[in-house]
file entry.pdb (PDB, C-alpha atoms and all ligand atoms)
ATOM      1  CA  MET A   1      -6.886 -49.196 -49.024  1.00  0.00           C
ATOM      2  CA  GLY A   2      -4.214 -46.499 -49.055  1.00  0.00           C
ATOM      3  CA  PRO A   3      -1.726 -45.697 -46.282  1.00  0.00           C
ATOM      4  CA  PRO A   4      -3.132 -44.145 -43.076  1.00  0.00           C
ATOM      5  CA  VAL A   5      -3.308 -40.375 -43.127  1.00  0.00           C
ATOM      6  CA  PHE A   6      -2.249 -38.347 -40.115  1.00  0.00           C
ATOM      7  CA  LYS A   7      -3.716 -34.903 -39.769  1.00  0.00           C
ATOM      8  CA  ILE A   8      -1.968 -32.254 -37.689  1.00  0.00           C
ATOM      9  CA  PHE A   9      -3.899 -29.199 -36.591  1.00  0.00           C
ATOM     10  CA  LEU A  10      -1.854 -26.142 -35.825  1.00  0.00           C
ATOM     11  CA  PHE A  11      -3.371 -23.360 -33.754  1.00  0.00           C
ATOM     12  CA  VAL A  12      -1.780 -19.975 -33.952  1.00  0.00           C
ATOM     13  CA  GLY A  13      -2.586 -17.349 -31.334  1.00  0.00           C
ATOM     14  CA  VAL A  14      -1.238 -14.213 -29.774  1.00  0.00           C
ATOM     15  CA  VAL A  15      -0.129 -14.250 -26.132  1.00  0.00           C
ATOM     16  CA  LEU A  16      -1.034 -10.987 -24.476  1.00  0.00           C
ATOM     17  CA  PRO A  17       0.925  -9.693 -21.475  1.00  0.00           C
ATOM     18  CA  TYR A  18      -0.731 -10.647 -18.211  1.00  0.00           C
ATOM     19  CA  GLY A  19      -3.022  -7.897 -17.031  1.00  0.00           C
ATOM     20  CA  SER A  20      -3.751  -6.341 -20.391  1.00  0.00           C
ATOM     21  CA  TRP A  21      -6.374  -8.842 -21.506  1.00  0.00           C
ATOM     22  CA  CYS A  22      -9.441  -7.214 -19.963  1.00  0.00           C
ATOM     23  CA  LEU A  23      -9.261  -3.737 -21.458  1.00  0.00           C
ATOM     24  CA  PRO A  24     -10.835  -2.030 -23.229  1.00  0.00           C
ATOM     25  CA  THR A  25     -14.286  -3.011 -21.991  1.00  0.00           C
ATOM     26  CA  THR A  26     -17.211  -2.325 -24.302  1.00  0.00           C
ATOM     27  CA  THR A  27     -20.267  -0.859 -22.558  1.00  0.00           C
ATOM     28  CA  THR A  28     -23.601   0.641 -23.523  1.00  0.00           C
ATOM     29  CA  LEU A  29     -24.234   4.173 -22.320  1.00  0.00           C
ATOM     30  CA  ASN A  30     -27.466   4.754 -20.423  1.00  0.00           C
ATOM     31  CA  CYS A  31     -28.431   8.412 -20.448  1.00  0.00           C
ATOM     32  CA  ALA A  32     -31.988   7.664 -19.313  1.00  0.00           C
ATOM     33  CA  GLY A  33     -31.306   5.966 -15.982  1.00  0.00           C
ATOM     34  CA  GLY A  34     -27.510   5.962 -15.560  1.00  0.00           C
ATOM     35  CA  SER A  35     -25.430   2.898 -14.837  1.00  0.00           C
ATOM     36  CA  ASN A  36     -22.622   1.503 -12.711  1.00  0.00           C
ATOM     37  CA  PHE A  37     -20.111  -0.872 -14.213  1.00  0.00           C
ATOM     38  CA  GLN A  38     -17.103  -2.769 -12.836  1.00  0.00           C
ATOM     39  CA  LEU A  39     -14.380  -2.734 -15.471  1.00  0.00           C
ATOM     40  CA  GLY A  40     -12.307  -5.459 -13.798  1.00  0.00           C
ATOM     41  CA  GLU A  41      -8.581  -5.330 -13.107  1.00  0.00           C
ATOM     42  CA  ILE A  42      -5.512  -4.068 -14.899  1.00  0.00           C
ATOM     43  CA  ASP A  43      -1.838  -3.906 -13.996  1.00  0.00           C
ATOM     44  CA  GLU A  44      -0.222  -0.717 -12.835  1.00  0.00           C
ATOM     45  CA  ASP A  45       1.535   1.139 -15.724  1.00  0.00           C
ATOM     46  CA  TYR A  46      -1.179   0.168 -18.228  1.00  0.00           C
ATOM     47  CA  GLU A  47      -1.581   2.593 -21.133  1.00  0.00           C
ATOM     48  CA  GLY A  48      -4.298   2.486 -23.794  1.00  0.00           C
ATOM     49  CA  GLU A  49      -8.036   2.239 -24.220  1.00  0.00           C
ATOM     50  CA  VAL A  50     -10.019   1.633 -21.041  1.00  0.00           C
ATOM     51  CA  GLU A  51     -13.645   1.684 -22.188  1.00  0.00           C
ATOM     52  CA  ILE A  52     -15.499   1.786 -25.507  1.00  0.00           C
ATOM     53  CA  LEU A  53     -18.916   3.382 -25.088  1.00  0.00           C
ATOM     54  CA  GLN A  54     -21.683   2.411 -27.473  1.00  0.00           C
ATOM     55  CA  GLY A  55     -25.317   3.416 -27.910  1.00  0.00           C
ATOM     56  CA  ILE A  56     -24.804   7.124 -27.419  1.00  0.00           C
ATOM     57  CA  PRO A  57     -28.102   8.810 -28.370  1.00  0.00           C
ATOM     58  CA  PRO A  58     -28.113  11.582 -30.952  1.00  0.00           C
ATOM     59  CA  GLY A  59     -27.939  15.048 -29.455  1.00  0.00           C
ATOM     60  CA  GLU A  60     -25.954  13.976 -26.396  1.00  0.00           C
ATOM     61  CA  ASN A  61     -23.062  15.959 -24.957  1.00  0.00           C
ATOM     62  CA  LEU A  62     -20.862  13.716 -22.812  1.00  0.00           C
ATOM     63  CA  GLU A  63     -18.400  14.790 -20.136  1.00  0.00           C
ATOM     64  CA  LEU A  64     -15.781  12.813 -18.241  1.00  0.00           C
ATOM     65  CA  GLU A  65     -15.737  13.673 -14.538  1.00  0.00           C
ATOM     66  CA  ALA A  66     -14.517  12.456 -11.158  1.00  0.00           C
ATOM     67  CA  TYR A  67     -16.486   9.897  -9.194  1.00  0.00           C
ATOM     68  CA  LEU A  68     -15.848   8.817  -5.572  1.00  0.00           C
ATOM     69  CA  PHE A  69     -12.120   9.660  -5.664  1.00  0.00           C
ATOM     70  CA  PRO A  70     -10.758  12.713  -7.480  1.00  0.00           C
ATOM     71  CA  THR A  71      -7.432  11.409  -8.811  1.00  0.00           C
ATOM     72  CA  GLY A  72      -8.658   8.570 -11.055  1.00  0.00           C
ATOM     73  CA  VAL A  73     -10.031  10.840 -13.750  1.00  0.00           C
ATOM     74  CA  THR A  74      -6.722  12.706 -14.019  1.00  0.00           C
ATOM     75  CA  PHE A  75      -5.258   9.602 -15.712  1.00  0.00           C
ATOM     76  CA  LEU A  76      -7.972   9.543 -18.392  1.00  0.00           C
ATOM     77  CA  GLN A  77      -9.334  11.392 -21.398  1.00  0.00           C
ATOM     78  CA  LEU A  78     -12.625  11.050 -23.289  1.00  0.00           C
ATOM     79  CA  ASP A  79     -12.389  10.834 -27.081  1.00  0.00           C
ATOM     80  CA  TYR A  80     -15.859  11.822 -28.240  1.00  0.00           C
ATOM     81  CA  THR A  81     -17.368  13.822 -31.057  1.00  0.00           C
ATOM     82  CA  ALA A  82     -20.941  15.077 -30.643  1.00  0.00           C
ATOM     83  CA  GLY A  83     -23.325  13.075 -32.838  1.00  0.00           C
ATOM     84  CA  ASN A  84     -21.094   9.984 -32.891  1.00  0.00           C
ATOM     85  CA  PRO A  85     -22.785   6.863 -31.399  1.00  0.00           C
ATOM     86  CA  THR A  86     -19.499   5.665 -29.888  1.00  0.00           C
ATOM     87  CA  ALA A  87     -16.816   7.181 -27.676  1.00  0.00           C
ATOM     88  CA  VAL A  88     -13.595   5.957 -26.079  1.00  0.00           C
ATOM     89  CA  VAL A  89     -12.130   6.504 -22.620  1.00  0.00           C
ATOM     90  CA  ARG A  90      -8.332   6.073 -22.738  1.00  0.00           C
ATOM     91  CA  THR A  91      -5.363   6.792 -20.532  1.00  0.00           C
ATOM     92  CA  ASN A  92      -3.400  10.004 -20.946  1.00  0.00           C
ATOM     93  CA  ARG A  93      -0.436   8.572 -18.985  1.00  0.00           C
ATOM     94  CA  PRO A  94       0.479   5.221 -17.399  1.00  0.00           C
ATOM     95  CA  LEU A  95      -1.843   4.184 -14.577  1.00  0.00           C
ATOM     96  CA  ASP A  96      -0.192   4.526 -11.178  1.00  0.00           C
ATOM     97  CA  ALA A  97      -1.844   2.503  -8.409  1.00  0.00           C
ATOM     98  CA  ASP A  98       0.246   4.301  -5.796  1.00  0.00           C
ATOM     99  CA  ALA A  99      -1.070   7.720  -6.825  1.00  0.00           C
ATOM    100  CA  LEU A 100      -4.752   6.738  -6.735  1.00  0.00           C
ATOM    101  CA  ASP A 101      -6.395   8.020  -3.578  1.00  0.00           C
ATOM    102  CA  GLY A 102      -8.793   5.081  -3.749  1.00  0.00           C
ATOM    103  CA  GLY A 103      -6.005   2.703  -2.678  1.00  0.00           C
ATOM    104  CA  GLY A 104      -5.559   1.373  -6.210  1.00  0.00           C
ATOM    105  CA  LEU A 105      -9.225   1.782  -7.195  1.00  0.00           C
ATOM    106  CA  LEU A 106      -9.696   4.041 -10.231  1.00  0.00           C
ATOM    107  CA  THR A 107     -13.165   5.538 -10.487  1.00  0.00           C
ATOM    108  CA  TYR A 108     -14.761   7.969 -12.931  1.00  0.00           C
ATOM    109  CA  ALA A 109     -18.099   8.910 -14.436  1.00  0.00           C
ATOM    110  CA  ILE A 110     -19.463   9.704 -17.886  1.00  0.00           C
ATOM    111  CA  LYS A 111     -22.061  12.430 -17.443  1.00  0.00           C
ATOM    112  CA  CYS A 112     -24.858  12.818 -19.992  1.00  0.00           C
ATOM    113  CA  ARG A 113     -26.300  16.117 -21.175  1.00  0.00           C
ATOM    114  CA  LEU A 114     -29.149  16.106 -18.636  1.00  0.00           C
ATOM    115  CA  GLY A 115     -26.882  15.093 -15.752  1.00  0.00           C
ATOM    116  CA  MET A 116     -27.392  11.327 -15.607  1.00  0.00           C
ATOM    117  CA  LYS A 117     -24.138   9.555 -14.673  1.00  0.00           C
ATOM    118  CA  ASN A 118     -22.607   6.278 -15.840  1.00  0.00           C
ATOM    119  CA  THR A 119     -20.079   5.447 -13.149  1.00  0.00           C
ATOM    120  CA  ARG A 120     -17.106   3.119 -13.597  1.00  0.00           C
ATOM    121  CA  GLU A 121     -14.685   1.322 -11.287  1.00  0.00           C
ATOM    122  CA  LEU A 122     -11.361  -0.215 -12.313  1.00  0.00           C
ATOM    123  CA  ASN A 123      -9.011  -1.985  -9.910  1.00  0.00           C
ATOM    124  CA  VAL A 124      -5.381  -1.138 -10.739  1.00  0.00           C
ATOM    125  CA  ARG A 125      -3.149  -3.972  -9.538  1.00  0.00           C
ATOM    126  CA  ASP A 126      -0.177  -2.743  -7.547  1.00  0.00           C
ATOM    127  CA  LYS A 127       3.382  -3.490  -8.678  1.00  0.00           C
ATOM    128  CA  ASN A 128       6.407  -3.335  -6.418  1.00  0.00           C
ATOM    129  CA  ASP A 129       7.782  -0.306  -8.256  1.00  0.00           C
ATOM    130  CA  ASN A 130       8.924   1.761  -5.276  1.00  0.00           C
ATOM    131  CA  PRO A 131      11.966   0.942  -3.117  1.00  0.00           C
ATOM    132  CA  PRO A 132      12.171   1.638   0.597  1.00  0.00           C
ATOM    133  CA  VAL A 133      13.686   5.030   1.408  1.00  0.00           C
ATOM    134  CA  PHE A 134      15.133   5.871   4.793  1.00  0.00           C
ATOM    135  CA  GLN A 135      13.835   9.049   6.405  1.00  0.00           C
ATOM    136  CA  GLN A 136      17.407  10.025   7.299  1.00  0.00           C
ATOM    137  CA  THR A 137      20.637   9.483   5.385  1.00  0.00           C
ATOM    138  CA  GLN A 138      22.439   8.614   8.614  1.00  0.00           C
ATOM    139  CA  TYR A 139      21.456   7.773  12.170  1.00  0.00           C
ATOM    140  CA  THR A 140      23.626   8.683  15.155  1.00  0.00           C
ATOM    141  CA  ASP A 141      23.091   8.305  18.876  1.00  0.00           C
ATOM    142  CA  THR A 142      25.013   8.423  22.153  1.00  0.00           C
ATOM    143  CA  VAL A 143      24.194   6.033  24.956  1.00  0.00           C
ATOM    144  CA  SER A 144      25.639   5.283  28.397  1.00  0.00           C
ATOM    145  CA  GLU A 145      27.565   2.081  28.966  1.00  0.00           C
ATOM    146  CA  THR A 146      25.254   1.441  31.922  1.00  0.00           C
ATOM    147  CA  LEU A 147      22.342   0.820  29.571  1.00  0.00           C
ATOM    148  CA  GLY A 148      20.925  -2.598  30.394  1.00  0.00           C
ATOM    149  CA  VAL A 149      20.576  -5.602  28.124  1.00  0.00           C
ATOM    150  CA  ASP A 150      17.374  -5.436  26.009  1.00  0.00           C
ATOM    151  CA  SER A 151      17.197  -1.640  26.423  1.00  0.00           C
ATOM    152  CA  PRO A 152      16.060   0.226  23.297  1.00  0.00           C
ATOM    153  CA  VAL A 153      18.770   2.295  21.650  1.00  0.00           C
ATOM    154  CA  LEU A 154      17.372   3.722  18.445  1.00  0.00           C
ATOM    155  CA  THR A 155      14.663   3.131  15.874  1.00  0.00           C
ATOM    156  CA  VAL A 156      15.395   3.489  12.162  1.00  0.00           C
ATOM    157  CA  LYS A 157      12.530   4.214   9.806  1.00  0.00           C
ATOM    158  CA  ALA A 158      12.079   3.826   6.063  1.00  0.00           C
ATOM    159  CA  VAL A 159       8.978   4.363   3.948  1.00  0.00           C
ATOM    160  CA  ASP A 160       7.824   2.595   0.791  1.00  0.00           C
ATOM    161  CA  ALA A 161       5.357   4.369  -1.501  1.00  0.00           C
ATOM    162  CA  ASP A 162       3.671   1.245  -2.890  1.00  0.00           C
ATOM    163  CA  VAL A 163      -0.022   1.097  -2.069  1.00  0.00           C
ATOM    164  CA  THR A 164      -0.418  -2.543  -0.976  1.00  0.00           C
ATOM    165  CA  ASP A 165       0.973  -4.240   2.119  1.00  0.00           C
ATOM    166  CA  ALA A 166       2.572  -6.926  -0.039  1.00  0.00           C
ATOM    167  CA  ASN A 167       4.748  -4.310  -1.704  1.00  0.00           C
ATOM    168  CA  ASN A 168       5.383  -1.896   1.173  1.00  0.00           C
ATOM    169  CA  ARG A 169       5.774  -4.077   4.279  1.00  0.00           C
ATOM    170  CA  LEU A 170       9.359  -3.523   5.400  1.00  0.00           C
ATOM    171  CA  THR A 171      11.716  -5.610   7.448  1.00  0.00           C
ATOM    172  CA  TYR A 172      14.975  -4.298   8.853  1.00  0.00           C
ATOM    173  CA  SER A 173      18.280  -5.963   9.546  1.00  0.00           C
ATOM    174  CA  ILE A 174      21.901  -5.151  10.384  1.00  0.00           C
ATOM    175  CA  GLN A 175      24.329  -6.077   7.665  1.00  0.00           C
ATOM    176  CA  ALA A 176      27.426  -8.140   8.429  1.00  0.00           C
ATOM    177  CA  PRO A 177      29.649  -7.661  10.291  1.00  0.00           C
ATOM    178  CA  VAL A 178      27.015  -7.308  13.001  1.00  0.00           C
ATOM    179  CA  PRO A 179      28.366  -5.814  16.266  1.00  0.00           C
ATOM    180  CA  SER A 180      27.894  -8.339  19.056  1.00  0.00           C
ATOM    181  CA  VAL A 181      26.512  -5.783  21.513  1.00  0.00           C
ATOM    182  CA  PHE A 182      23.468  -4.793  19.423  1.00  0.00           C
ATOM    183  CA  GLU A 183      20.588  -6.533  17.730  1.00  0.00           C
ATOM    184  CA  MET A 184      17.792  -5.258  15.535  1.00  0.00           C
ATOM    185  CA  ARG A 185      14.140  -6.180  15.558  1.00  0.00           C
ATOM    186  CA  ALA A 186      12.304  -6.595  12.274  1.00  0.00           C
ATOM    187  CA  ASP A 187      10.409  -3.342  12.943  1.00  0.00           C
ATOM    188  CA  GLY A 188      13.593  -1.234  13.006  1.00  0.00           C
ATOM    189  CA  LEU A 189      14.208  -1.027  16.765  1.00  0.00           C
ATOM    190  CA  ILE A 190      17.850  -1.551  17.796  1.00  0.00           C
ATOM    191  CA  LEU A 191      18.374  -3.068  21.249  1.00  0.00           C
ATOM    192  CA  VAL A 192      21.327  -3.681  23.570  1.00  0.00           C
ATOM    193  CA  LYS A 193      22.127  -7.367  23.188  1.00  0.00           C
ATOM    194  CA  GLU A 194      24.951  -7.718  25.714  1.00  0.00           C
ATOM    195  CA  ARG A 195      26.505  -5.530  28.370  1.00  0.00           C
ATOM    196  CA  LEU A 196      28.259  -2.437  27.035  1.00  0.00           C
ATOM    197  CA  ASN A 197      31.773  -1.591  28.128  1.00  0.00           C
ATOM    198  CA  TYR A 198      33.261   1.749  27.146  1.00  0.00           C
ATOM    199  CA  ASN A 199      36.804   0.426  27.433  1.00  0.00           C
ATOM    200  CA  LYS A 200      36.110  -2.400  25.017  1.00  0.00           C
ATOM    201  CA  GLY A 201      34.126  -0.373  22.523  1.00  0.00           C
ATOM    202  CA  ASN A 202      33.332   3.335  22.560  1.00  0.00           C
ATOM    203  CA  HIS A 203      31.966   3.668  19.061  1.00  0.00           C
ATOM    204  CA  TYR A 204      30.283   1.391  16.525  1.00  0.00           C
ATOM    205  CA  THR A 205      29.577   1.905  12.869  1.00  0.00           C
ATOM    206  CA  PHE A 206      27.406  -0.489  10.951  1.00  0.00           C
ATOM    207  CA  THR A 207      24.914  -0.666   8.132  1.00  0.00           C
ATOM    208  CA  VAL A 208      21.206  -1.331   8.351  1.00  0.00           C
ATOM    209  CA  GLU A 209      18.957  -2.491   5.545  1.00  0.00           C
ATOM    210  CA  ALA A 210      15.249  -2.037   4.843  1.00  0.00           C
ATOM    211  CA  ARG A 211      13.830  -4.690   2.552  1.00  0.00           C
ATOM    212  CA  VAL A 212      10.519  -5.570   0.952  1.00  0.00           C
ATOM    213  CA  ASP A 213      11.575  -8.530  -1.146  1.00  0.00           C
ATOM    214  CA  GLU A 214      14.721  -9.894  -2.739  1.00  0.00           C
ATOM    215  CA  THR A 215      15.034  -7.102  -5.253  1.00  0.00           C
ATOM    216  CA  GLN A 216      13.845  -3.907  -3.592  1.00  0.00           C
ATOM    217  CA  TYR A 217      15.945  -2.449  -0.798  1.00  0.00           C
ATOM    218  CA  ARG A 218      18.064   0.466   0.336  1.00  0.00           C
ATOM    219  CA  ILE A 219      21.056   0.474   2.637  1.00  0.00           C
ATOM    220  CA  GLU A 220      22.065   3.347   4.870  1.00  0.00           C
ATOM    221  CA  VAL A 221      24.973   3.824   7.295  1.00  0.00           C
ATOM    222  CA  TYR A 222      24.270   4.100  10.996  1.00  0.00           C
ATOM    223  CA  ILE A 223      26.767   5.206  13.679  1.00  0.00           C
ATOM    224  CA  LEU A 224      26.407   4.677  17.411  1.00  0.00           C
ATOM    225  CA  THR A 225      28.783   5.775  20.186  1.00  0.00           C
ATOM    226  CA  THR A 226      28.876   4.537  23.789  1.00  0.00           C
ATOM    227  CA  ARG A 227      30.531   6.367  26.645  1.00  0.00           C
ATOM    228  CA  VAL A 228      30.449   6.780  30.405  1.00  0.00           C
ATOM    229  CA  GLN A 229      28.278   9.727  31.355  1.00  0.00           C
ATOM    230  CA  GLY A 230      29.912  10.993  34.548  1.00  0.00           C
ATOM    231  CA  GLN A 231      29.772   7.863  36.666  1.00  0.00           C
ATOM    232  CA  GLN A 232      32.461   5.380  37.645  1.00  0.00           C
ATOM    233  CA  PRO A 233      32.317   2.037  35.869  1.00  0.00           C
ATOM    234  CA  PRO A 234      30.728  -0.698  38.004  1.00  0.00           C
ATOM    235  CA  ALA A 235      33.137  -2.813  40.032  1.00  0.00           C
ATOM    236  CA  GLU A 236      32.847  -5.806  37.775  1.00  0.00           C
ATOM    237  CA  ARG A 237      33.818  -3.620  34.841  1.00  0.00           C
ATOM    238  CA  GLN A 238      36.969  -2.343  36.521  1.00  0.00           C
ATOM    239  CA  GLN A 239      38.329  -5.868  36.173  1.00  0.00           C
ATOM    240  CA  ASP A 240      37.377  -5.765  32.507  1.00  0.00           C
ATOM    241  CA  GLN A 241      39.420  -2.575  32.151  1.00  0.00           C
ATOM    242  CA  ARG A 242      42.474  -4.282  33.630  1.00  0.00           C
ATOM    243  CA  ASP A 243      41.930  -7.292  31.401  1.00  0.00           C
ATOM    244  CA  CYS A 244      41.376  -5.115  28.405  1.00  0.00           C
ATOM    245  CA  CYS A 245      44.228  -2.487  28.593  1.00  0.00           C
TER     246      CYS A 245
HETATM  247 CA    CA A 301       3.725   3.324  -9.129  1.00  0.00          CA
HETATM  248 CA    CA A 302       3.198   0.272  -6.916  1.00  0.00          CA
HETATM  249 CA    CA A 303       8.015  -1.393  -2.602  1.00  0.00          CA
END

call {"tool": "encode", "arguments": {"input": "entry.pdb", "output": "structure tokens", "more": "lines below"}}
Ligand SMILES: [Ca+2]
Ligand SMILES: [Ca+2]
Ligand SMILES: [Ca+2]
result
Amino acid sequence: MGPPVFKIFLFVGVVLPYGSWCLPTTTTLNCAGGSNFQLGEIDEDYEGEVEILQGIPPGENLELEAYLFPTGVTFLQLDYTAGNPTAVVRTNRPLDADALDGGGLLTYAIKCRLGMKNTRELNVRDKNDNPPVFQQTQYTDTVSETLGVDSPVLTVKAVDADVTDANNRLTYSIQAPVPSVFEMRADGLILVKERLNYNKGNHYTFTVEARVDETQYRIEVYILTTRVQGQQPPAERQQDQRDCC
């Protein structure tokens, strides 16, 4: 008996990027009764073949047209020569989930010569490819020192063009150093945190941030001024003035 033999099997494969595995989808065209087909999911920014159509009858004249939502078809083109039994639907630019008026759902139809439609639906998975953008480059406001604790002062607002909540849900915060007299709620509302005193602070400048995750954010400068609007400071504040100055 000879020495034991060890056999090693080596498998070689190609790892495709996540999200690109399901396209193109091969389908059979039905010009007699039409069809509806779910093409699955693909990541935003995908470019390439979407659908390979087979079984096209001789004498057909296919057209690519909008179905349900008008914008989906603007990302596509139909490569088809009359008399050929196959055709290809491919992208003419990267798919943009945020531009699809179906909320990330891309829909289109292949129309046969006599009007029968083969409709298609493709879910384009949203990426976090848009940062928050403030609606103003700077926020300013003037408030009275008599404004009470927990009173609203100002609301900052940013928008994020991504289509899904996961990629466009903003939270707001004040960046350090945070002034002790103000606090910010996660929805962008700035409140009075402790009693204002004009003699201790008549203007404040600080930075607020809108954030979606750890990598996507914008920072803008915000200025707020406090002052007495015509009335005498309350008695308890007159002592503060003496202590202060
Ligand atoms: Ca996009
Ligand atoms: Ca997006
Ligand atoms: Ca975003």

call {"tool": "resolve_selection", "arguments": {"input": "entry.pdb", "expression": "the PyMOL selection byres (((chain A and resi 71-75) around 12) and not hetatm)", "output": "CSV table (one decimal) with C-alpha atoms, in the coordinates of the input"}}
result
chain,number,residue,atom,x,y,z
A,44,GLU,CA,-0.2,-0.7,-12.8
A,45,ASP,CA,1.5,1.1,-15.7
A,46,TYR,CA,-1.2,0.2,-18.2
A,47,GLU,CA,-1.6,2.6,-21.1
A,48,GLY,CA,-4.3,2.5,-23.8
A,49,GLU,CA,-8.0,2.2,-24.2
A,50,VAL,CA,-10.0,1.6,-21.0
A,63,GLU,CA,-18.4,14.8,-20.1
A,64,LEU,CA,-15.8,12.8,-18.2
A,65,GLU,CA,-15.7,13.7,-14.5
A,66,ALA,CA,-14.5,12.5,-11.2
A,67,TYR,CA,-16.5,9.9,-9.2
A,68,LEU,CA,-15.8,8.8,-5.6
A,69,PHE,CA,-12.1,9.7,-5.7
A,70,PRO,CA,-10.8,12.7,-7.5
A,76,LEU,CA,-8.0,9.5,-18.4
A,77,GLN,CA,-9.3,11.4,-21.4
A,78,LEU,CA,-12.6,11.0,-23.3
A,89,VAL,CA,-12.1,6.5,-22.6
A,90,ARG,CA,-8.3,6.1,-22.7
A,91,THR,CA,-5.4,6.8,-20.5
A,92,ASN,CA,-3.4,10.0,-20.9
A,93,ARG,CA,-0.4,8.6,-19.0
A,94,PRO,CA,0.5,5.2,-17.4
A,95,LEU,CA,-1.8,4.2,-14.6
A,96,ASP,CA,-0.2,4.5,-11.2
A,97,ALA,CA,-1.8,2.5,-8.4
A,98,ASP,CA,0.2,4.3,-5.8
A,99,ALA,CA,-1.1,7.7,-6.8
A,100,LEU,CA,-4.8,6.7,-6.7
A,101,ASP,CA,-6.4,8.0,-3.6
A,102,GLY,CA,-8.8,5.1,-3.7
A,103,GLY,CA,-6.0,2.7,-2.7
A,104,GLY,CA,-5.6,1.4,-6.2
A,105,LEU,CA,-9.2,1.8,-7.2
A,106,LEU,CA,-9.7,4.0,-10.2
A,107,THR,CA,-13.2,5.5,-10.5
A,108,TYR,CA,-14.8,8.0,-12.9
A,109,ALA,CA,-18.1,8.9,-14.4
A,110,ILE,CA,-19.5,9.7,-17.9
A,119,THR,CA,-20.1,5.4,-13.1
A,120,ARG,CA,-17.1,3.1,-13.6
A,121,GLU,CA,-14.7,1.3,-11.3
A,122,LEU,CA,-11.4,-0.2,-12.3
A,123,ASN,CA,-9.0,-2.0,-9.9
A,124,VAL,CA,-5.4,-1.1,-10.7

call {"tool": "residues_around", "arguments": {"input": "entry.pdb", "residues": "Gln135 in chain A", "least_positions_apart": "5", "cutoff": "9 Å", "atoms": "all atoms listed in the file", "output": "list of chain:residue names"}}
result
A:Val156, A:Lys157, A:Ala158, A:Val159

call {"tool": "resolve_selection", "arguments": {"input": "entry.pdb", "expression": "the PyMOL selection byres (((chain A and resi 30) around 10) and not hetatm)", "output": "MDAnalysis selection string"}}
result
chainID A and resid 27:29 31:36 53:57 110:112 116:118

call {"tool": "closest_atom_pairs", "arguments": {"input": "entry.pdb", "of": "chain A", "to": "ligand CA 303 (chain A)", "cutoff": "6 Å", "atoms": "all atoms listed in the file", "output": "CSV"}}
result
residue,atom,partner,partner_atom,distance
A:Asn128,CA,A:CA303,CA,4.6
A:Asp129,CA,A:CA303,CA,5.8
A:Asn130,CA,A:CA303,CA,4.2
A:Pro131,CA,A:CA303,CA,4.6
A:Asp160,CA,A:CA303,CA,5.2
A:Asp162,CA,A:CA303,CA,5.1
A:Asn167,CA,A:CA303,CA,4.5
A:Asn168,CA,A:CA303,CA,4.6

call {"tool": "atom_distance", "arguments": {"input": "entry.pdb", "atom1": "CA of Val88 in chain A", "atom2": "CA of Arg125 in chain A"}}
result
21.9 Å

call {"tool": "closest_residue", "arguments": {"input": "entry.pdb", "among": "A:Leu191, A:Val153, A:Val143, A:Val212", "to": "Asp165 in chain A", "atoms": "only C-alpha atoms"}}
result
A:Val212

call {"tool": "closest_residue", "arguments": {"input": "entry.pdb", "among": "A:Asp43, A:Glu60, A:Asp150, A:Asp79", "to": "ligand CA 302 (chain A)", "atoms": "only C-alpha atoms and all ligand atoms"}}
result
A:Asp43

call {"tool": "closest_residue", "arguments": {"input": "entry.pdb", "among": "A:Leu170, A:Leu39, A:Leu23, A:Ala161", "to": "ligand CA 302 (chain A)", "atoms": "all atoms listed in the file"}}
result
A:Ala161

call {"tool": "closest_residue", "arguments": {"input": "entry.pdb", "among": "A:Thr26, A:Thr207, A:Gln38, A:Gln138", "to": "Thr86 in chain A", "atoms": "all atoms listed in the file"}}
result
A:Thr26

call {"tool": "closest_residue", "arguments": {"input": "entry.pdb", "among": "A:Ala82, A:Leu114, A:Asp126, A:Thr205", "to": "ligand CA 302 (chain A)", "atoms": "only C-alpha atoms and all ligand atoms"}}
result
A:Asp126

call {"tool": "residues_near_point", "arguments": {"input": "entry.pdb", "point": "(18.4, -4.1, 12.7)", "cutoff": "10 Å", "atoms": "only C-alpha atoms", "output": "list in words"}}
result
Leu154, Thr155, Val156, Thr171, Tyr172, Ser173, Ile174, Gln175, Val178, Phe182, Glu183, Met184, Arg185, Ala186, Asp187, Gly188, Leu189, Ile190, Leu191, Phe206, Thr207, Val208, Glu209 and Ala210 of chain A

call {"tool": "atom_distance", "arguments": {"input": "entry.pdb", "atom1": "CA of Thr140 in chain A", "atom2": "CA of Asp213 in chain A"}}
result
26.6 Å

call {"tool": "atom_distance", "arguments": {"input": "entry.pdb", "atom1": "CA of Ile52 in chain A", "atom2": "CA of Gly40 in chain A"}}
result
14.1 Å

call {"tool": "closest_residue", "arguments": {"input": "entry.pdb", "among": "A:Thr81, A:Thr142, A:Thr25, A:Asn197", "to": "Ser180 in chain A", "atoms": "all atoms listed in the file"}}
result
A:Asn197

call {"tool": "axis_aligned_box", "arguments": {"input": "entry.pdb", "around": "range 114-120 of chain A", "padding_each_side": "3 Å", "output": "AutoDock Vina command-line options"}}
result
--center_x -23.1 --center_y 9.6 --center_z -15.9 --size_x 18.0 --size_y 19.0 --size_z 11.5
